[in-house]
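S.K.: Pasting final-v7.pdb here (PDB, C-alpha atoms):
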MODEL        1
ATOM      1  CA  MET G  12       0.000   0.000   0.000
ATOM      2  CA  MET G  13       1.372   3.432  -0.939
ATOM      3  CA  LYS G  14       2.203   5.528   2.140
ATOM      4  CA  ASP G  15       0.441   8.666   0.924
ATOM      5  CA  LEU G  16      -2.704   6.835  -0.240
ATOM      6  CA  LYS G  17      -6.043   7.525   1.450
ATOM      7  CA  ILE G  18      -9.010   5.367   0.447
ATOM      8  CA  HIS G  19     -12.628   6.595   0.441
ATOM      9  CA  ASN G  20     -15.066   3.695   0.164
ATOM     10  CA  ILE G  21     -18.248   5.562  -0.768
ATOM     11  CA  PHE G  22     -21.804   4.196  -0.900
ATOM     12  CA  PRO G  23     -20.993   0.830   0.713
ATOM     13  CA  THR G  24     -23.541  -1.920   1.242
ATOM     14  CA  THR G  25     -23.371  -2.922   4.895
ATOM     15  CA  ILE G  26     -24.211  -6.338   6.324
ATOM     16  CA  SER G  27     -24.082  -6.397  10.123
ATOM     17  CA  GLN G  28     -23.372  -9.719  11.823
ATOM     18  CA  PHE G  29     -23.792 -10.640  15.502
ATOM     19  CA  ASN G  30     -24.095 -13.770  17.578
ATOM     20  CA  ILE G  31     -26.908 -13.374  20.103
ATOM     21  CA  GLY G  32     -26.933 -17.003  21.218
ATOM     22  CA  VAL G  33     -29.746 -19.545  21.250
ATOM     23  CA  ASP G  34     -32.147 -20.078  24.132
ATOM     24  CA  LYS G  35     -33.004 -23.801  24.194
ATOM     25  CA  LYS G  36     -36.597 -23.231  25.302
ATOM     26  CA  ILE G  37     -37.271 -20.624  22.613
ATOM     27  CA  LYS G  38     -35.564 -22.806  19.999
ATOM     28  CA  LYS G  39     -37.904 -25.702  20.770
ATOM     29  CA  GLN G  40     -40.956 -23.418  20.703
ATOM     30  CA  LEU G  41     -39.958 -22.009  17.313
ATOM     31  CA  ILE G  42     -39.375 -25.483  15.887
ATOM     32  CA  ASP G  43     -42.756 -26.632  17.243
ATOM     33  CA  GLU G  44     -44.643 -23.813  15.477
ATOM     34  CA  ALA G  45     -47.016 -24.803  12.652
ATOM     35  CA  TYR G  46     -45.268 -24.741   9.250
ATOM     36  CA  ASP G  47     -46.517 -24.838   5.677
ATOM     37  CA  PHE G  48     -44.620 -25.604   2.457
ATOM     38  CA  ILE G  49     -43.112 -22.898   0.219
ATOM     39  CA  TYR G  50     -43.396 -23.393  -3.531
ATOM     40  CA  GLN G  51     -41.402 -21.300  -6.023
ATOM     41  CA  ASN G  52     -41.911 -22.088  -9.709
ATOM     42  CA  ASN G  53     -43.727 -25.244  -8.577
ATOM     43  CA  ILE G  54     -40.606 -26.398  -6.703
ATOM     44  CA  LYS G  55     -40.723 -27.036  -2.962
ATOM     45  CA  ASN G  56     -38.132 -24.824  -1.297
ATOM     46  CA  GLY G  57     -38.761 -25.335   2.386
ATOM     47  CA  SER G  58     -41.520 -24.324   4.781
ATOM     48  CA  THR G  59     -42.498 -21.179   6.657
ATOM     49  CA  THR G  60     -44.518 -20.711   9.806
ATOM     50  CA  ILE G  61     -48.191 -20.062   9.243
ATOM     51  CA  ASN G  62     -47.837 -17.192  11.707
ATOM     52  CA  LYS G  63     -46.079 -14.361   9.850
ATOM     53  CA  TYR G  64     -45.775 -12.206  12.998
ATOM     54  CA  ILE G  65     -43.820 -14.604  15.201
ATOM     55  CA  LEU G  66     -41.967 -11.909  17.160
ATOM     56  CA  ASN G  67     -45.262 -10.314  18.217
ATOM     57  CA  ASN G  68     -45.878 -13.329  20.445
ATOM     58  CA  GLU G  69     -45.191 -12.551  24.102
ATOM     59  CA  LYS G  70     -43.348 -15.853  24.628
ATOM     60  CA  TYR G  71     -40.647 -14.641  22.224
ATOM     61  CA  SER G  72     -40.281 -11.209  23.881
ATOM     62  CA  SER G  73     -36.731 -11.873  25.116
ATOM     63  CA  LEU G  74     -35.584 -12.827  21.602
ATOM     64  CA  SER G  75     -37.389  -9.829  20.139
ATOM     65  CA  LYS G  76     -35.626  -7.532  22.617
ATOM     66  CA  LYS G  77     -32.195  -8.916  21.694
ATOM     67  CA  ILE G  78     -32.895  -8.357  17.995
ATOM     68  CA  LEU G  79     -34.274  -4.842  18.549
ATOM     69  CA  ASP G  80     -31.248  -3.878  20.654
ATOM     70  CA  LYS G  81     -28.852  -4.887  17.866
ATOM     71  CA  LEU G  82     -31.099  -3.295  15.249
ATOM     72  CA  SER G  83     -31.097   0.002  17.135
ATOM     73  CA  GLY G  84     -27.299   0.001  17.312
ATOM     74  CA  VAL G  85     -26.974  -0.600  13.580
ATOM     75  CA  ILE G  86     -29.561   2.021  12.648
ATOM     76  CA  TYR G  87     -28.280   4.852  14.819
ATOM     77  CA  ASP G  88     -24.563   4.029  15.252
ATOM     78  CA  VAL G  89     -23.609   2.285  11.989
ATOM     79  CA  TYR G  90     -26.027   3.907   9.538
ATOM     80  CA  THR G  91     -26.076   7.120  11.651
ATOM     81  CA  ILE G  92     -29.770   7.697  10.912
ATOM     82  CA  ASP G  93     -31.436  10.614  12.718
ATOM     83  CA  ASN G  94     -32.971   9.328  15.956
ATOM     84  CA  ASN G  95     -36.176  11.254  15.223
ATOM     85  CA  LEU G  96     -37.036   8.312  12.989
ATOM     86  CA  LYS G  97     -38.265   5.257  14.881
ATOM     87  CA  PHE G  98     -37.894   1.777  13.434
ATOM     88  CA  PHE G  99     -40.020  -1.274  14.124
ATOM     89  CA  ILE G 100     -40.346  -4.880  12.971
ATOM     90  CA  THR G 101     -43.292  -5.295  10.630
ATOM     91  CA  ASN G 102     -43.516  -9.038   9.973
ATOM     92  CA  SER G 103     -41.467 -12.018  11.118
ATOM     93  CA  TRP G 104     -41.588 -15.705  10.273
ATOM     94  CA  CYS G 105     -39.533 -18.867  10.665
ATOM     95  CA  VAL G 106     -38.106 -20.843   7.762
ATOM     96  CA  LYS G 107     -37.514 -24.588   7.827
ATOM     97  CA  HIS G 108     -35.183 -26.116   5.233
ATOM     98  CA  GLU G 109     -35.054 -29.898   5.050
ATOM     99  CA  LYS G 110     -32.459 -31.901   3.098
ATOM    100  CA  ASN G 111     -31.799 -30.390  -0.382
ATOM    101  CA  ASP G 112     -34.088 -27.392   0.281
ATOM    102  CA  ILE G 113     -32.837 -23.955  -0.795
ATOM    103  CA  ALA G 114     -33.933 -20.344  -0.769
ATOM    104  CA  GLN G 115     -33.925 -18.960  -4.290
ATOM    105  CA  LEU G 116     -32.444 -15.535  -5.065
ATOM    106  CA  HIS G 117     -34.755 -12.813  -3.753
ATOM    107  CA  ASN G 118     -35.007  -9.554  -1.859
ATOM    108  CA  HIS G 119     -37.657  -8.148   0.473
ATOM    109  CA  ASN G 120     -40.372  -5.642  -0.453
ATOM    110  CA  ASN G 121     -42.156  -2.899   1.519
ATOM    111  CA  CYS G 122     -39.364  -2.602   4.076
ATOM    112  CA  ILE G 123     -36.092  -0.757   4.676
ATOM    113  CA  ILE G 124     -33.974  -3.269   6.584
ATOM    114  CA  SER G 125     -34.320  -7.038   6.769
ATOM    115  CA  GLY G 126     -32.747  -9.619   9.010
ATOM    116  CA  VAL G 127     -32.298 -13.302   9.580
ATOM    117  CA  TYR G 128     -31.549 -15.161  12.807
ATOM    118  CA  TYR G 129     -30.299 -18.753  12.699
ATOM    119  CA  PHE G 130     -31.336 -20.982  15.584
ATOM    120  CA  GLN G 131     -30.459 -24.416  14.145
ATOM    121  CA  THR G 132     -27.578 -24.922  11.719
ATOM    122  CA  PRO G 133     -26.386 -28.528  11.428
ATOM    123  CA  LYS G 134     -23.128 -29.245   9.630
ATOM    124  CA  ASP G 135     -23.364 -28.905   5.818
ATOM    125  CA  CYS G 136     -26.743 -27.168   6.040
ATOM    126  CA  GLY G 137     -25.685 -24.493   3.515
ATOM    127  CA  ASP G 138     -24.501 -20.887   3.698
ATOM    128  CA  ILE G 139     -26.243 -17.633   2.789
ATOM    129  CA  ILE G 140     -25.035 -15.871  -0.359
ATOM    130  CA  PHE G 141     -25.544 -12.174  -1.145
ATOM    131  CA  SER G 142     -25.507 -11.053  -4.786
ATOM    132  CA  ARG G 143     -24.579  -7.730  -6.332
ATOM    133  CA  ASN G 144     -27.308  -5.921  -8.230
ATOM    134  CA  THR G 145     -26.108  -6.061 -11.841
ATOM    135  CA  THR G 146     -27.645  -2.655 -12.578
ATOM    136  CA  VAL G 147     -25.211  -1.065 -10.096
ATOM    137  CA  ASN G 148     -21.544  -0.753 -11.024
ATOM    138  CA  SER G 149     -18.890  -1.034  -8.343
ATOM    139  CA  ILE G 150     -15.287  -0.625  -9.539
ATOM    140  CA  PHE G 151     -15.833  -1.399 -13.207
ATOM    141  CA  THR G 152     -18.844  -1.617 -15.485
ATOM    142  CA  ASN G 153     -20.670  -4.937 -15.209
ATOM    143  CA  THR G 154     -19.981  -5.592 -18.904
ATOM    144  CA  LEU G 155     -16.372  -6.378 -17.952
ATOM    145  CA  THR G 156     -15.297  -9.459 -16.032
ATOM    146  CA  ILE G 157     -12.135  -8.116 -14.421
ATOM    147  CA  PRO G 158     -11.384 -10.188 -11.310
ATOM    148  CA  THR G 159     -10.506  -8.330  -8.121
ATOM    149  CA  LYS G 160     -10.848  -9.159  -4.441
ATOM    150  CA  ASN G 161     -13.338  -6.336  -3.938
ATOM    151  CA  ASN G 162     -15.314  -6.340  -7.186
ATOM    152  CA  LEU G 163     -17.505  -9.266  -6.162
ATOM    153  CA  ASP G 164     -20.613 -10.633  -7.821
ATOM    154  CA  GLU G 165     -21.416 -12.786  -4.789
ATOM    155  CA  TYR G 166     -20.468 -12.776  -1.124
ATOM    156  CA  LYS G 167     -20.894 -15.926   0.953
ATOM    157  CA  LEU G 168     -21.376 -15.866   4.720
ATOM    158  CA  LYS G 169     -20.990 -18.994   6.819
ATOM    159  CA  VAL G 170     -23.570 -18.994   9.577
ATOM    160  CA  GLU G 171     -23.820 -20.810  12.882
ATOM    161  CA  GLU G 172     -26.451 -21.111  15.574
ATOM    162  CA  GLY G 173     -27.090 -17.728  17.157
ATOM    163  CA  THR G 174     -26.021 -15.715  14.102
ATOM    164  CA  LEU G 175     -28.055 -12.563  13.461
ATOM    165  CA  LEU G 176     -27.636 -10.744  10.124
ATOM    166  CA  LEU G 177     -29.050  -7.285   9.369
ATOM    167  CA  PHE G 178     -28.918  -5.875   5.837
ATOM    168  CA  PRO G 179     -30.687  -3.462   3.435
ATOM    169  CA  SER G 180     -33.903  -5.069   2.194
ATOM    170  CA  HIS G 181     -33.030  -4.463  -1.462
ATOM    171  CA  LEU G 182     -29.960  -6.696  -1.217
ATOM    172  CA  LEU G 183     -30.404  -9.901  -3.208
ATOM    173  CA  HIS G 184     -29.680 -13.116  -1.325
ATOM    174  CA  LYS G 185     -30.163 -16.874  -1.489
ATOM    175  CA  THR G 186     -29.082 -19.997   0.376
ATOM    176  CA  GLU G 187     -27.157 -23.054  -0.650
ATOM    177  CA  PRO G 188     -28.903 -26.445  -0.525
ATOM    178  CA  ASN G 189     -29.145 -28.055   2.877
ATOM    179  CA  LEU G 190     -26.951 -31.146   2.467
ATOM    180  CA  SER G 191     -27.478 -32.234   6.057
ATOM    181  CA  ASN G 192     -29.928 -34.897   7.140
ATOM    182  CA  SER G 193     -31.222 -32.464   9.774
ATOM    183  CA  CYS G 194     -33.305 -29.320   9.261
ATOM    184  CA  ARG G 195     -31.885 -25.813   9.095
ATOM    185  CA  TYR G 196     -34.072 -23.296  10.927
ATOM    186  CA  SER G 197     -33.982 -19.525  10.743
ATOM    187  CA  LEU G 198     -36.185 -16.583  11.643
ATOM    188  CA  ALA G 199     -36.558 -13.795   9.075
ATOM    189  CA  PHE G 200     -38.040 -10.337   9.619
ATOM    190  CA  ASN G 201     -38.570  -6.968   7.986
ATOM    191  CA  VAL G 202     -38.209  -3.461   9.397
ATOM    192  CA  PHE G 203     -39.868  -0.149   8.529
ATOM    193  CA  PHE G 204     -39.901   3.301  10.118
ATOM    194  CA  LYS G 205     -42.213   6.030  11.314
ATOM    195  CA  GLY G 206     -41.528   9.732  11.509
ATOM    196  CA  SER G 207     -40.960  12.638   9.155
ATOM    197  CA  ILE G 208     -38.558  12.746   6.205
ATOM    198  CA  GLY G 209     -37.967  15.554   3.727
ATOM    199  CA  ASP G 210     -39.105  19.138   4.326
ATOM    200  CA  ASP G 211     -41.623  21.726   3.184
ATOM    201  CA  GLN G 212     -38.950  23.892   1.566
ATOM    202  CA  GLY G 213     -38.001  21.041  -0.726
ATOM    203  CA  LEU G 214     -41.681  20.186  -1.320
ATOM    204  CA  ASN G 215     -40.925  16.601  -0.345
ATOM    205  CA  ARG G 216     -42.002  16.287   3.270
ATOM    206  CA  LEU G 217     -43.462  12.884   4.092
ATOM    207  CA  GLU G 218     -44.988  11.929   7.431
ATOM    208  CA  ILE G 219     -45.292   8.216   8.115
TER     209      ILE G 219
ENDMDL
END
What does the file become when written as C-alpha cells?
M.R.:
Amino acid sequence: MMKDLKIHNIFPTTISQFNIGVDKKIKKQLIDEAYDFIYQNNIKNGSTTINKYILNNEKYSSLSKKILDKLSGVIYDVYTIDNNLKFFITNSWCVKHEKNDIAQLHNHNNCIISGVYYFQTPKDCGDIIFSRNTTVNSIFTNTLTIPTKNNLDEYKLKVEEGTLLLFPSHLLHKTEPNLSNSCRYSLAFNVFFKGSIGDDQGLNRLEI
C-alpha cells in the first residue's frame, strides 16, 4: 500500500453480523410452530410458519428484545440515521429447510432493513449468499469481467447457531442447498420506520 494513499469507500452496502446465542426453550418453541410448504416455480423450497408475525408473540419477547437492541445500534450508530425516525419490525416468520431445500435468489419488499436469525444450523446445512445488483456498477462496469478481491458478484457468509444478520432489504440473497440430514431453521423479519422525512422547503415532506 502506498504511504500517501487515502481510500474513500463511498456508498458501501453494509451487512451487520452478531451472535446473540440460542435459548433452548425458545428454539424448541420455534421449531414446534405450525409450518406450511413454500413453492417457487412449482418447486418445494422449504416451509415457513403459518404465523407471519412470530416476534409479536409474548413468549418470544426476550428474543425480540435482543434483535431490537442490535437493530437500534446498527440504525443509529452504523447507519447514523437521525434518531427522530423510529424503526419497528413489521412481519417475522420462521423458515424450515429440510435436506436439499434452498432459498432462491430474492429480496424483500415494503421494508427498509431485513434480518435473519439462525437458531439451528447442522453441519453442511448451507450458507447464505448475497448477490450484487447487476444494474449497479462497483469498480468497473458490469460488462467487464475483471477479477478483483473487492469487485464481487457474490459474497458468501458462513452462519452458525445464534447468528443474526441485518442488511438493506433491497440486497439480493439466497441460500445453498441443505446437504445435512437435519433441518436448518432460521427466523426472518422486515423493518420499517415512522416519523418525518424531507421538508416543506423542498416540497418533499413525508410523514409516516
S.K.: Enter the distance from CA of Lys167 (chain G) to CA of His184 (chain G), in Å, rounded to one decimal.
M.R.: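 Atom-to-atom, CA of Lys167 (chain G) to CA of His184 (chain G), that is 9.5 Å.
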S.K.: Any idea what's packed within 8 Å of Val127 (chain G), counting all atoms listed in the file, ignoring anything in its chain fewer than 6 positions away? Could you give it as number ranges by chain?
M.R.: G: 175-177, 197-200
S.K.: Restricting the calculation to only C-alpha atoms, which member of G:Asn118, G:Phe98, G:Thr159, G:Ser180 is positioned closest to Phe203 (chain G)?
M.R.: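 For Phe203 (chain G), the nearest of the candidates is G:Phe98.
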S.K.: Please report the interatomic distance between CA of Ser142 (chain G) and CA of Leu182 (chain G) in Å with one decimal.
M.R.: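 A separation of 7.2 Å between them.
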S.K.: Which of these, G:Ser83, G:Ser207, G:Asn153, G:Ser72, has the shortest distance to Leu96 (chain G) once you count only C-alpha atoms?
M.R.: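 The closest residue to Leu96 (chain G) is G:Ser207.
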S.K.: Provide the CA of Gly173 (chain G) to CA of Thr132 (chain G) distance in Å, to one decimal place.
M.R.: 9.0 Å
S.K.: Expand the PyMOL selection byres ((chain G and resi 145) around 12) into the explicit residue set it covers here, and present it as a list of chain:residue names.
M.R.: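 This file, filtered by the PyMOL selection byres ((chain G and resi 145) around 12), leaves G:Ser142, G:Arg143, G:Asn144, G:Thr146, G:Val147, G:Asn148, G:Ser149, G:Phe151, G:Thr152, G:Asn153, G:Thr154, G:Leu155, G:Asn162, G:Leu163, G:Asp164, G:Glu165, G:Leu182, G:Leu183.
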S.K.: Tell me which of G:Thr186, G:Asn68, G:Thr25, G:Asn102 sits closest to Ile37 (chain G), counting only C-alpha atoms.
M.R.: G:Asn68
S.K.: Please list as a PyMOL selection string every residue within 12 Å of Glu44 (chain G), counting only C-alpha atoms and excluding residues in the same chain fewer than 4 positions away.
M.R.: chain G and resi 37-40+58-65+68+104-107+196+198
S.K.: So that I can check the surroundings of His181 (chain G), please list as a JSON list (two decimals) with C-alpha atoms, in the frame of the given file every protein, DNA and RNA residue that reaches within 12 Å of it, counting all atoms listed in the file and ignoring chain neighbours fewer than 4 positions away.
M.R.:
[["chain", "number", "residue", "atom", "x", "y", "z"],
["G", 24, "THR", "CA", -23.54, -1.92, 1.24],
["G", 25, "THR", "CA", -23.37, -2.92, 4.89],
["G", 26, "ILE", "CA", -24.21, -6.34, 6.32],
["G", 116, "LEU", "CA", -32.44, -15.54, -5.07],
["G", 117, "HIS", "CA", -34.76, -12.81, -3.75],
["G", 118, "ASN", "CA", -35.01, -9.55, -1.86],
["G", 119, "HIS", "CA", -37.66, -8.15, 0.47],
["G", 120, "ASN", "CA", -40.37, -5.64, -0.45],
["G", 121, "ASN", "CA", -42.16, -2.90, 1.52],
["G", 122, "CYS", "CA", -39.36, -2.60, 4.08],
["G", 123, "ILE", "CA", -36.09, -0.76, 4.68],
["G", 124, "ILE", "CA", -33.97, -3.27, 6.58],
["G", 125, "SER", "CA", -34.32, -7.04, 6.77],
["G", 126, "GLY", "CA", -32.75, -9.62, 9.01],
["G", 141, "PHE", "CA", -25.54, -12.17, -1.14],
["G", 142, "SER", "CA", -25.51, -11.05, -4.79],
["G", 143, "ARG", "CA", -24.58, -7.73, -6.33],
["G", 144, "ASN", "CA", -27.31, -5.92, -8.23],
["G", 177, "LEU", "CA", -29.05, -7.28, 9.37],
["G", 201, "ASN", "CA", -38.57, -6.97, 7.99]]
S.K.: Could you check the closest approach to Asp47 (chain G) for each of G:His108, G:Gln28, G:Thr91, G:Thr101 and tell me which residue wins, using all atoms listed in the file?
M.R.: G:His108
S.K.: Under the rule that only C-alpha atoms are counted, which of G:Pro179, G:Gly32, G:Gly137, G:Gly57 is the nearest residue to Leu74 (chain G)?
M.R.: G:Gly32
S.K.: Fewer than 3 positions away in the same chain doesn't count, so skip those; otherwise give me all residues within 12 Å of Asn192 (chain G), counting all atoms listed in the file, as a PDB file with C-alpha atoms, in the frame of the given file.
M.R.:
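Below is the file selection06.pdb, written as the result:
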ATOM      1  CA  HIS G 108     -35.183 -26.116   5.233  1.00  0.00           C
ATOM      2  CA  GLU G 109     -35.054 -29.898   5.050  1.00  0.00           C
ATOM      3  CA  LYS G 110     -32.459 -31.901   3.098  1.00  0.00           C
ATOM      4  CA  ASN G 111     -31.799 -30.390  -0.382  1.00  0.00           C
ATOM      5  CA  ASP G 112     -34.088 -27.392   0.281  1.00  0.00           C
ATOM      6  CA  THR G 132     -27.578 -24.922  11.719  1.00  0.00           C
ATOM      7  CA  PRO G 133     -26.386 -28.528  11.428  1.00  0.00           C
ATOM      8  CA  LYS G 134     -23.128 -29.245   9.630  1.00  0.00           C
ATOM      9  CA  ASP G 135     -23.364 -28.905   5.818  1.00  0.00           C
ATOM     10  CA  CYS G 136     -26.743 -27.168   6.040  1.00  0.00           C
ATOM     11  CA  GLY G 137     -25.685 -24.493   3.515  1.00  0.00           C
ATOM     12  CA  PRO G 188     -28.903 -26.445  -0.525  1.00  0.00           C
ATOM     13  CA  ASN G 189     -29.145 -28.055   2.877  1.00  0.00           C
ATOM     14  CA  ARG G 195     -31.885 -25.813   9.095  1.00  0.00           C
TER      15      ARG G 195
END
S.K.: Using all atoms listed in the file, can you tell me which of G:Glu172, G:Asn95, G:Lys160, G:Arg216 comes closest to Phe204 (chain G)?
M.R.: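 Selected residue with least distance to Phe204 (chain G): G:Asn95.
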S.K.: Please evaluate the PyMOL selection byres ((chain G and resi 168) around 8) against the structure above and give the resulting residues as a list in words.
M.R.: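 Listing what the PyMOL selection byres ((chain G and resi 168) around 8) selects in the shown file: Asp138, Ile139, Ile140, Tyr166, Lys167, Lys169 and Val170 of chain G.
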